[in-house]
Amino acid sequence: MTETFDQSEVSAKAQALRQDIIAMLTEAGSGHPGGSLSAADIVATLYFGGVLKHDAAQPDDPARDRFVLSKGHAAPVLYAALAEAGYIETSELATLRKLGSRLQGHPDSKKLPGVEVSTGSLGQGLSIATGLAAGLGRQTPAPCVFCLLGDGEIEEGQVWEAALFAAHLKPSNLVAIIDNNDLQIDGHCSALVGLTNIAQRFSAFGWQVLEVDGHDVAALHQALTKAKEAVDGPYAIVAHTVKGKGVSFMEDQVGWHGKAPNAEQAAQAFEELGGAPAWYVELTEGRR
């Protein structure tokens with residue numbers, strides 16, 4: 001667990017997560033790059049910026065903070081973080097979506113250490129996180145529960161039922177993070193359902209709200225730390241992001257919601273991201 005915040009280190013980790021994501025999806029031939037890439041800075045700040053209390057050597061520590069990936073199709077960014085943090089070997093990333101792999105298309109808490117909740121059916125994560133926060137709130141000190149949602153996902157009615165209930169319970173150890181990249185599988189959220197003013201919506205439901213540039217790790221760290229340490233929760237952090245961030249031909253392109261790059265596209269992506277991860281280089285060179 002990282003105890004202090006080092007902006008350059010967290011930014012480097014976010015870039016490493018992006019490299020892992022592209023490598024995993026290229027090897028698998030399927031998956032969701034857009035929403036995984038948009039969340040990389042958020043996840044890197046949580047896991048490597050001293051925000052999330054966690055320890056790969058003690059994944060079941062009762063005092064740990066919990067992370068719920070409600071947008072479960074973005075599993076590659078979580079798997080990359082778990083590998084970079086030492087929960088699993090980086091070589092296992094090559095098994096994404098393969099028969100018998102622990103790295104399924106959506107996270108499975110029964111198979112992989114560090115995965116708190118099995119997710120994938122959109123809209124359910126905040127309900128689970130609210131229940132976790134309420135239960136953990138009985139501990140002293142109370143572990144924090146972070147829940148990452150997609151902005152397309154929050155069209156689900158269950159999200160707002162959970163938001164209403166959480167505002168009633170007022171758990172100060174609950175932090176919802178909305179990956180606001182304004183894209184879902186059918187197009188821009190704002191054009192499809194008029195989803196705007198997300199911060200105002202959560203505020204109207206009784207939440208404390210912060211808005212932040214979701215690719216500025218220093219700003220993310222400040223917002224996440226403030227929300228975690230607050231006593232007037234729950235908090236919602238609206239992180240404004242770009243889907244496919246870091247890979248030019250994927251950025252803000254709906255076609256990259258759920259499509260893996262081919263070898264040529266992956267090569268271009270790695271060039272823009274500063275190279276391919278070592279585990280992928282070793283894997284591909286071994287096939288020559």
# chains A, B, ... in the order shown; residues from 1 in each chain; ligands from 1
>>> residues_around(residues="range 45-55 of chain A", least_positions_apart="3", cutoff="9 Å", atoms="only C-alpha atoms", output="PDB file with N, CA, C and O atoms, in the first residue's frame")
ATOM      1  N   MET A   1       0.840  -1.194   0.000  1.00  0.00           N
ATOM      2  CA  MET A   1       0.000   0.000   0.000  1.00  0.00           C
ATOM      3  C   MET A   1       0.873   1.241   0.000  1.00  0.00           C
ATOM      4  O   MET A   1       1.790   1.374   0.804  1.00  0.00           O
ATOM      5  N   THR A   2       0.635   2.172  -0.902  1.00  0.00           N
ATOM      6  CA  THR A   2       1.355   3.427  -0.947  1.00  0.00           C
ATOM      7  C   THR A   2       0.852   4.336   0.162  1.00  0.00           C
ATOM      8  O   THR A   2      -0.344   4.551   0.306  1.00  0.00           O
ATOM      9  N   GLU A   3       1.779   4.886   0.961  1.00  0.00           N
ATOM     10  CA  GLU A   3       1.373   5.705   2.096  1.00  0.00           C
ATOM     11  C   GLU A   3       1.288   7.183   1.756  1.00  0.00           C
ATOM     12  O   GLU A   3       0.565   7.930   2.387  1.00  0.00           O
ATOM     13  N   THR A   4       2.069   7.625   0.778  1.00  0.00           N
ATOM     14  CA  THR A   4       2.097   9.042   0.431  1.00  0.00           C
ATOM     15  C   THR A   4       1.796   9.210  -1.049  1.00  0.00           C
ATOM     16  O   THR A   4       1.898   8.270  -1.839  1.00  0.00           O
ATOM     17  N   PHE A   5       1.476  10.445  -1.409  1.00  0.00           N
ATOM     18  CA  PHE A   5       1.123  10.727  -2.796  1.00  0.00           C
ATOM     19  C   PHE A   5       2.321  11.284  -3.548  1.00  0.00           C
ATOM     20  O   PHE A   5       2.917  12.284  -3.142  1.00  0.00           O
ATOM     21  N   ASP A   6       2.669  10.650  -4.629  1.00  0.00           N
ATOM     22  CA  ASP A   6       3.724  11.098  -5.526  1.00  0.00           C
ATOM     23  C   ASP A   6       3.092  11.225  -6.904  1.00  0.00           C
ATOM     24  O   ASP A   6       2.787  10.224  -7.556  1.00  0.00           O
ATOM     25  N   GLN A   7       2.892  12.452  -7.358  1.00  0.00           N
ATOM     26  CA  GLN A   7       2.155  12.691  -8.598  1.00  0.00           C
ATOM     27  C   GLN A   7       2.800  11.992  -9.786  1.00  0.00           C
ATOM     28  O   GLN A   7       2.104  11.363 -10.605  1.00  0.00           O
ATOM     29  N   GLU A   9       4.742   9.377  -9.795  1.00  0.00           N
ATOM     30  CA  GLU A   9       4.610   7.928  -9.661  1.00  0.00           C
ATOM     31  C   GLU A   9       3.207   7.459 -10.033  1.00  0.00           C
ATOM     32  O   GLU A   9       3.042   6.457 -10.733  1.00  0.00           O
ATOM     33  N   VAL A  10       2.193   8.188  -9.586  1.00  0.00           N
ATOM     34  CA  VAL A  10       0.819   7.807  -9.892  1.00  0.00           C
ATOM     35  C   VAL A  10       0.547   7.951 -11.387  1.00  0.00           C
ATOM     36  O   VAL A  10      -0.112   7.099 -11.998  1.00  0.00           O
ATOM     37  N   SER A  11       1.047   9.010 -11.991  1.00  0.00           N
ATOM     38  CA  SER A  11       0.872   9.197 -13.434  1.00  0.00           C
ATOM     39  C   SER A  11       1.539   8.066 -14.210  1.00  0.00           C
ATOM     40  O   SER A  11       0.996   7.573 -15.212  1.00  0.00           O
ATOM     41  N   LYS A  13       2.001   5.045 -13.081  1.00  0.00           N
ATOM     42  CA  LYS A  13       1.175   3.855 -12.876  1.00  0.00           C
ATOM     43  C   LYS A  13      -0.052   3.876 -13.789  1.00  0.00           C
ATOM     44  O   LYS A  13      -0.449   2.847 -14.334  1.00  0.00           O
ATOM     45  N   ALA A  14      -0.651   5.052 -13.948  1.00  0.00           N
ATOM     46  CA  ALA A  14      -1.810   5.164 -14.831  1.00  0.00           C
ATOM     47  C   ALA A  14      -1.427   4.795 -16.262  1.00  0.00           C
ATOM     48  O   ALA A  14      -2.184   4.111 -16.967  1.00  0.00           O
ATOM     49  N   ALA A  40      -8.429   4.924 -15.973  1.00  0.00           N
ATOM     50  CA  ALA A  40      -7.084   4.545 -15.525  1.00  0.00           C
ATOM     51  C   ALA A  40      -6.515   5.509 -14.494  1.00  0.00           C
ATOM     52  O   ALA A  40      -5.889   5.079 -13.513  1.00  0.00           O
ATOM     53  N   ASP A  41      -6.696   6.802 -14.684  1.00  0.00           N
ATOM     54  CA  ASP A  41      -6.141   7.778 -13.734  1.00  0.00           C
ATOM     55  C   ASP A  41      -6.871   7.697 -12.392  1.00  0.00           C
ATOM     56  O   ASP A  41      -6.257   7.860 -11.329  1.00  0.00           O
ATOM     57  N   ILE A  42      -8.165   7.446 -12.440  1.00  0.00           N
ATOM     58  CA  ILE A  42      -8.951   7.306 -11.213  1.00  0.00           C
ATOM     59  C   ILE A  42      -8.469   6.101 -10.418  1.00  0.00           C
ATOM     60  O   ILE A  42      -8.186   6.191  -9.215  1.00  0.00           O
ATOM     61  N   GLN A  58      -2.299  -9.074   2.331  1.00  0.00           N
ATOM     62  CA  GLN A  58      -3.426  -9.361   3.220  1.00  0.00           C
ATOM     63  C   GLN A  58      -4.730  -8.908   2.552  1.00  0.00           C
ATOM     64  O   GLN A  58      -5.371  -7.963   3.007  1.00  0.00           O
ATOM     65  N   PRO A  59      -5.130  -9.585   1.470  1.00  0.00           N
ATOM     66  CA  PRO A  59      -6.311  -9.129   0.720  1.00  0.00           C
ATOM     67  C   PRO A  59      -7.613  -9.214   1.505  1.00  0.00           C
ATOM     68  O   PRO A  59      -8.594  -8.572   1.126  1.00  0.00           O
ATOM     69  N   ASP A  60      -7.632  -9.979   2.596  1.00  0.00           N
ATOM     70  CA  ASP A  60      -8.850 -10.124   3.400  1.00  0.00           C
ATOM     71  C   ASP A  60      -8.768  -9.370   4.727  1.00  0.00           C
ATOM     72  O   ASP A  60      -9.562  -9.633   5.639  1.00  0.00           O
ATOM     73  N   ASP A  61      -7.838  -8.465   4.851  1.00  0.00           N
ATOM     74  CA  ASP A  61      -7.696  -7.679   6.079  1.00  0.00           C
ATOM     75  C   ASP A  61      -9.017  -6.960   6.387  1.00  0.00           C
ATOM     76  O   ASP A  61      -9.502  -6.179   5.564  1.00  0.00           O
ATOM     77  N   ALA A  63      -9.658  -4.493   8.078  1.00  0.00           N
ATOM     78  CA  ALA A  63      -9.528  -3.037   8.155  1.00  0.00           C
ATOM     79  C   ALA A  63      -9.330  -2.382   6.787  1.00  0.00           C
ATOM     80  O   ALA A  63      -9.260  -1.154   6.696  1.00  0.00           O
ATOM     81  N   ARG A  64      -9.275  -3.194   5.726  1.00  0.00           N
ATOM     82  CA  ARG A  64      -9.011  -2.632   4.396  1.00  0.00           C
ATOM     83  C   ARG A  64     -10.182  -1.788   3.915  1.00  0.00           C
ATOM     84  O   ARG A  64     -11.328  -2.007   4.312  1.00  0.00           O
ATOM     85  N   ASP A  65      -9.889  -0.827   3.042  1.00  0.00           N
ATOM     86  CA  ASP A  65     -10.954  -0.140   2.325  1.00  0.00           C
ATOM     87  C   ASP A  65     -11.454  -1.063   1.220  1.00  0.00           C
ATOM     88  O   ASP A  65     -10.754  -1.986   0.801  1.00  0.00           O
ATOM     89  N   ARG A  66     -12.669  -0.794   0.744  1.00  0.00           N
ATOM     90  CA  ARG A  66     -13.250  -1.612  -0.320  1.00  0.00           C
ATOM     91  C   ARG A  66     -13.418  -0.789  -1.595  1.00  0.00           C
ATOM     92  O   ARG A  66     -13.775   0.384  -1.531  1.00  0.00           O
ATOM     93  N   PHE A  67     -13.167  -1.463  -2.722  1.00  0.00           N
ATOM     94  CA  PHE A  67     -13.397  -0.843  -4.027  1.00  0.00           C
ATOM     95  C   PHE A  67     -14.385  -1.687  -4.805  1.00  0.00           C
ATOM     96  O   PHE A  67     -14.163  -2.887  -5.015  1.00  0.00           O
ATOM     97  N   ALA A  81      -4.613  -3.013 -12.317  1.00  0.00           N
ATOM     98  CA  ALA A  81      -4.238  -2.447 -11.019  1.00  0.00           C
ATOM     99  C   ALA A  81      -3.868  -3.540 -10.030  1.00  0.00           C
ATOM    100  O   ALA A  81      -2.892  -3.409  -9.280  1.00  0.00           O
ATOM    101  N   LEU A  82      -4.630  -4.633 -10.021  1.00  0.00           N
ATOM    102  CA  LEU A  82      -4.329  -5.732  -9.110  1.00  0.00           C
ATOM    103  C   LEU A  82      -2.974  -6.354  -9.432  1.00  0.00           C
ATOM    104  O   LEU A  82      -2.218  -6.730  -8.525  1.00  0.00           O
ATOM    105  N   ALA A  85      -0.224  -3.939  -8.423  1.00  0.00           N
ATOM    106  CA  ALA A  85      -0.137  -3.844  -6.966  1.00  0.00           C
ATOM    107  C   ALA A  85       0.353  -5.132  -6.315  1.00  0.00           C
ATOM    108  O   ALA A  85       0.612  -5.160  -5.111  1.00  0.00           O
ATOM    109  N   GLY A  86       0.461  -6.211  -7.089  1.00  0.00           N
ATOM    110  CA  GLY A  86       1.009  -7.448  -6.559  1.00  0.00           C
ATOM    111  C   GLY A  86       0.008  -8.479  -6.101  1.00  0.00           C
ATOM    112  O   GLY A  86       0.390  -9.502  -5.501  1.00  0.00           O
ATOM    113  N   TYR A  87      -1.269  -8.295  -6.388  1.00  0.00           N
ATOM    114  CA  TYR A  87      -2.269  -9.297  -6.028  1.00  0.00           C
ATOM    115  C   TYR A  87      -2.147 -10.542  -6.906  1.00  0.00           C
ATOM    116  O   TYR A  87      -2.434 -11.652  -6.464  1.00  0.00           O
ATOM    117  N   GLY A 114      -8.625  -9.542  -4.139  1.00  0.00           N
ATOM    118  CA  GLY A 114      -8.686  -8.106  -4.409  1.00  0.00           C
ATOM    119  C   GLY A 114      -9.969  -7.672  -5.078  1.00  0.00           C
ATOM    120  O   GLY A 114     -10.248  -6.470  -5.140  1.00  0.00           O
ATOM    121  N   PRO A 143     -13.744   1.378   7.687  1.00  0.00           N
ATOM    122  CA  PRO A 143     -13.146   1.343   6.349  1.00  0.00           C
ATOM    123  C   PRO A 143     -14.018   2.113   5.356  1.00  0.00           C
ATOM    124  O   PRO A 143     -15.238   2.168   5.494  1.00  0.00           O
ATOM    125  N   CYS A 144     -13.378   2.679   4.361  1.00  0.00           N
ATOM    126  CA  CYS A 144     -14.099   3.453   3.346  1.00  0.00           C
ATOM    127  C   CYS A 144     -14.470   2.549   2.173  1.00  0.00           C
ATOM    128  O   CYS A 144     -13.728   1.616   1.835  1.00  0.00           O
ATOM    129  N   VAL A 145     -15.595   2.817   1.565  1.00  0.00           N
ATOM    130  CA  VAL A 145     -16.044   2.078   0.392  1.00  0.00           C
ATOM    131  C   VAL A 145     -16.107   3.036  -0.798  1.00  0.00           C
ATOM    132  O   VAL A 145     -16.837   4.031  -0.762  1.00  0.00           O
ATOM    133  N   PHE A 146     -15.328   2.737  -1.821  1.00  0.00           N
ATOM    134  CA  PHE A 146     -15.322   3.527  -3.052  1.00  0.00           C
ATOM    135  C   PHE A 146     -16.056   2.736  -4.129  1.00  0.00           C
ATOM    136  O   PHE A 146     -15.797   1.546  -4.312  1.00  0.00           O
ATOM    137  N   VAL A 217      -4.280  13.615 -11.865  1.00  0.00           N
ATOM    138  CA  VAL A 217      -4.152  12.756 -10.690  1.00  0.00           C
ATOM    139  C   VAL A 217      -4.005  13.559  -9.397  1.00  0.00           C
ATOM    140  O   VAL A 217      -4.434  13.111  -8.334  1.00  0.00           O
ATOM    141  N   ALA A 218      -3.410  14.746  -9.479  1.00  0.00           N
ATOM    142  CA  ALA A 218      -3.287  15.574  -8.277  1.00  0.00           C
ATOM    143  C   ALA A 218      -4.661  16.057  -7.820  1.00  0.00           C
ATOM    144  O   ALA A 218      -4.981  16.034  -6.625  1.00  0.00           O
ATOM    145  N   LEU A 220      -7.500  14.608  -8.576  1.00  0.00           N
ATOM    146  CA  LEU A 220      -8.222  13.419  -8.130  1.00  0.00           C
ATOM    147  C   LEU A 220      -7.841  13.053  -6.703  1.00  0.00           C
ATOM    148  O   LEU A 220      -8.700  12.740  -5.870  1.00  0.00           O
ATOM    149  N   HIS A 221      -6.556  13.099  -6.419  1.00  0.00           N
ATOM    150  CA  HIS A 221      -6.089  12.766  -5.074  1.00  0.00           C
ATOM    151  C   HIS A 221      -6.689  13.708  -4.038  1.00  0.00           C
ATOM    152  O   HIS A 221      -7.137  13.267  -2.970  1.00  0.00           O
ATOM    153  N   LEU A 224     -10.522  12.813  -3.731  1.00  0.00           N
ATOM    154  CA  LEU A 224     -10.744  11.518  -3.097  1.00  0.00           C
ATOM    155  C   LEU A 224     -10.372  11.544  -1.616  1.00  0.00           C
ATOM    156  O   LEU A 224     -11.072  10.971  -0.771  1.00  0.00           O
ATOM    157  N   THR A 225      -9.279  12.232  -1.300  1.00  0.00           N
ATOM    158  CA  THR A 225      -8.854  12.335   0.093  1.00  0.00           C
ATOM    159  C   THR A 225      -9.858  13.141   0.906  1.00  0.00           C
ATOM    160  O   THR A 225     -10.208  12.772   2.034  1.00  0.00           O
ATOM    161  N   LYS A 228     -12.894  10.970   1.474  1.00  0.00           N
ATOM    162  CA  LYS A 228     -12.631   9.880   2.411  1.00  0.00           C
ATOM    163  C   LYS A 228     -12.569  10.375   3.848  1.00  0.00           C
ATOM    164  O   LYS A 228     -13.035   9.697   4.774  1.00  0.00           O
TER     165      LYS A 228
END
>>> residues_around(residues="Ala276 in chain A", least_positions_apart="4", cutoff="12 Å", atoms="only C-alpha atoms", output="JSON list (two decimals) with N, CA, C and O atoms, in the first residue's frame")
[["chain", "number", "residue", "atom", "x", "y", "z"],
["A", 15, "GLN", "N", -0.23, 5.23, -16.68],
["A", 15, "GLN", "CA", 0.24, 4.89, -18.02],
["A", 15, "GLN", "C", 0.48, 3.39, -18.13],
["A", 15, "GLN", "O", 0.16, 2.76, -19.16],
["A", 16, "ALA", "N", 1.02, 2.79, -17.07],
["A", 16, "ALA", "CA", 1.25, 1.35, -17.06],
["A", 16, "ALA", "C", -0.07, 0.58, -17.14],
["A", 16, "ALA", "O", -0.17, -0.44, -17.83],
["A", 17, "LEU", "N", -1.09, 1.09, -16.46],
["A", 17, "LEU", "CA", -2.41, 0.45, -16.55],
["A", 17, "LEU", "C", -2.92, 0.50, -17.97],
["A", 17, "LEU", "O", -3.48, -0.49, -18.47],
["A", 18, "ARG", "N", -2.74, 1.63, -18.64],
["A", 18, "ARG", "CA", -3.21, 1.75, -20.02],
["A", 18, "ARG", "C", -2.46, 0.78, -20.94],
["A", 18, "ARG", "O", -3.04, 0.18, -21.85],
["A", 19, "GLN", "N", -1.16, 0.64, -20.73],
["A", 19, "GLN", "CA", -0.39, -0.32, -21.53],
["A", 19, "GLN", "C", -0.90, -1.74, -21.30],
["A", 19, "GLN", "O", -1.07, -2.52, -22.25],
["A", 20, "ASP", "N", -1.15, -2.07, -20.03],
["A", 20, "ASP", "CA", -1.68, -3.40, -19.71],
["A", 20, "ASP", "C", -3.04, -3.63, -20.36],
["A", 20, "ASP", "O", -3.32, -4.73, -20.86],
["A", 21, "ILE", "N", -3.89, -2.61, -20.34],
["A", 21, "ILE", "CA", -5.23, -2.74, -20.92],
["A", 21, "ILE", "C", -5.15, -3.07, -22.41],
["A", 21, "ILE", "O", -5.81, -4.00, -22.89],
["A", 22, "ILE", "N", -4.35, -2.31, -23.14],
["A", 22, "ILE", "CA", -4.22, -2.55, -24.58],
["A", 22, "ILE", "C", -3.65, -3.94, -24.83],
["A", 22, "ILE", "O", -4.11, -4.68, -25.71],
["A", 23, "ALA", "N", -2.65, -4.33, -24.06],
["A", 23, "ALA", "CA", -2.03, -5.65, -24.24],
["A", 23, "ALA", "C", -3.02, -6.76, -23.94],
["A", 23, "ALA", "O", -3.12, -7.74, -24.71],
["A", 24, "MET", "N", -3.76, -6.64, -22.85],
["A", 24, "MET", "CA", -4.75, -7.66, -22.49],
["A", 24, "MET", "C", -5.79, -7.84, -23.58],
["A", 24, "MET", "O", -6.12, -8.97, -23.98],
["A", 26, "THR", "N", -5.73, -6.94, -26.74],
["A", 26, "THR", "CA", -5.16, -7.43, -28.00],
["A", 26, "THR", "C", -4.96, -8.93, -27.94],
["A", 26, "THR", "O", -5.29, -9.67, -28.88],
["A", 263, "ALA", "N", -3.43, -6.19, -34.16],
["A", 263, "ALA", "CA", -2.00, -6.05, -33.90],
["A", 263, "ALA", "C", -1.46, -4.69, -34.37],
["A", 263, "ALA", "O", -0.66, -4.05, -33.67],
["A", 266, "ALA", "N", -2.77, -1.99, -32.07],
["A", 266, "ALA", "CA", -2.09, -2.10, -30.78],
["A", 266, "ALA", "C", -0.70, -1.50, -30.85],
["A", 266, "ALA", "O", -0.26, -0.81, -29.92],
["A", 267, "ALA", "N", 0.00, -1.73, -31.95],
["A", 267, "ALA", "CA", 1.34, -1.17, -32.11],
["A", 267, "ALA", "C", 1.30, 0.35, -32.07],
["A", 267, "ALA", "O", 2.17, 0.99, -31.45],
["A", 268, "GLN", "N", 0.31, 0.94, -32.73],
["A", 268, "GLN", "CA", 0.17, 2.40, -32.69],
["A", 268, "GLN", "C", -0.15, 2.87, -31.28],
["A", 268, "GLN", "O", 0.39, 3.87, -30.80],
["A", 269, "ALA", "N", -1.04, 2.14, -30.60],
["A", 269, "ALA", "CA", -1.40, 2.51, -29.23],
["A", 269, "ALA", "C", -0.19, 2.45, -28.31],
["A", 269, "ALA", "O", 0.04, 3.36, -27.50],
["A", 270, "PHE", "N", 0.61, 1.39, -28.43],
["A", 270, "PHE", "CA", 1.80, 1.27, -27.58],
["A", 270, "PHE", "C", 2.79, 2.40, -27.86],
["A", 270, "PHE", "O", 3.45, 2.90, -26.94],
["A", 271, "GLU", "N", 2.89, 2.79, -29.12],
["A", 271, "GLU", "CA", 3.79, 3.90, -29.46],
["A", 271, "GLU", "C", 3.34, 5.17, -28.76],
["A", 271, "GLU", "O", 4.17, 5.93, -28.24],
["A", 272, "GLU", "N", 2.04, 5.41, -28.71],
["A", 272, "GLU", "CA", 1.52, 6.60, -28.05],
["A", 272, "GLU", "C", 1.61, 6.52, -26.53],
["A", 272, "GLU", "O", 1.70, 7.54, -25.85],
["A", 280, "TYR", "N", 3.92, -8.56, -21.97],
["A", 280, "TYR", "CA", 3.37, -8.74, -23.32],
["A", 280, "TYR", "C", 4.51, -8.88, -24.33],
["A", 280, "TYR", "O", 4.41, -9.69, -25.26],
["A", 281, "VAL", "N", 5.55, -8.12, -24.14],
["A", 281, "VAL", "CA", 6.73, -8.23, -25.03],
["A", 281, "VAL", "C", 7.29, -9.64, -24.96],
["A", 281, "VAL", "O", 7.59, -10.27, -25.98],
["A", 282, "GLU", "N", 7.45, -10.15, -23.75],
["A", 282, "GLU", "CA", 7.97, -11.50, -23.56],
["A", 282, "GLU", "C", 7.05, -12.54, -24.20],
["A", 282, "GLU", "O", 7.51, -13.49, -24.84],
["A", 283, "LEU", "N", 5.74, -12.33, -24.05],
["A", 283, "LEU", "CA", 4.77, -13.27, -24.60],
["A", 283, "LEU", "C", 4.85, -13.31, -26.13],
["A", 283, "LEU", "O", 4.88, -14.39, -26.74],
["A", 284, "THR", "N", 4.86, -12.14, -26.75],
["A", 284, "THR", "CA", 4.83, -12.09, -28.22],
["A", 284, "THR", "C", 6.17, -12.50, -28.82],
["A", 284, "THR", "O", 6.21, -13.14, -29.88],
["A", 285, "GLU", "N", 7.26, -12.16, -28.15],
["A", 285, "GLU", "CA", 8.57, -12.57, -28.67],
["A", 285, "GLU", "C", 8.74, -14.08, -28.59],
["A", 285, "GLU", "O", 9.42, -14.69, -29.42]]
>>> closest_residue(among="A:Gly125, A:Gly187, A:Pro76, A:Gly137", to="Ser30 in chain A", atoms="only C-alpha atoms")
A:Pro76
>>> select_by_dssp(residues="range 19-121 of chain A", states="strand (DSSP E or B)", output="MDAnalysis selection string")
chainID A and resid 66:69
>>> write_last_selection(atoms="C-alpha atoms", output="compact mmCIF listing (two decimals), in the first residue's frame")
# COMPACT_ATOMS: atom_id res chain seq x y z
CA ARG A 66 -13.25 -1.61 -0.32
CA PHE A 67 -13.40 -0.84 -4.03
CA VAL A 68 -16.52 -1.76 -6.00
CA LEU A 69 -16.21 -1.60 -9.79
>>> residues_around(residues="Thr119 in chain A", least_positions_apart="3", cutoff="8 Å", atoms="only C-alpha atoms", output="list in words")
Leu69, Ser70, Lys71, Gly72, His106, Pro107, Asp108, Leu122, Gln124 and Gly125 of chain A
>>> select_by_dssp(residues="range 209-268 of chain A", states="alpha helix (DSSP H)", output="PyMOL selection string")
chain A and resi 217-229+263-268
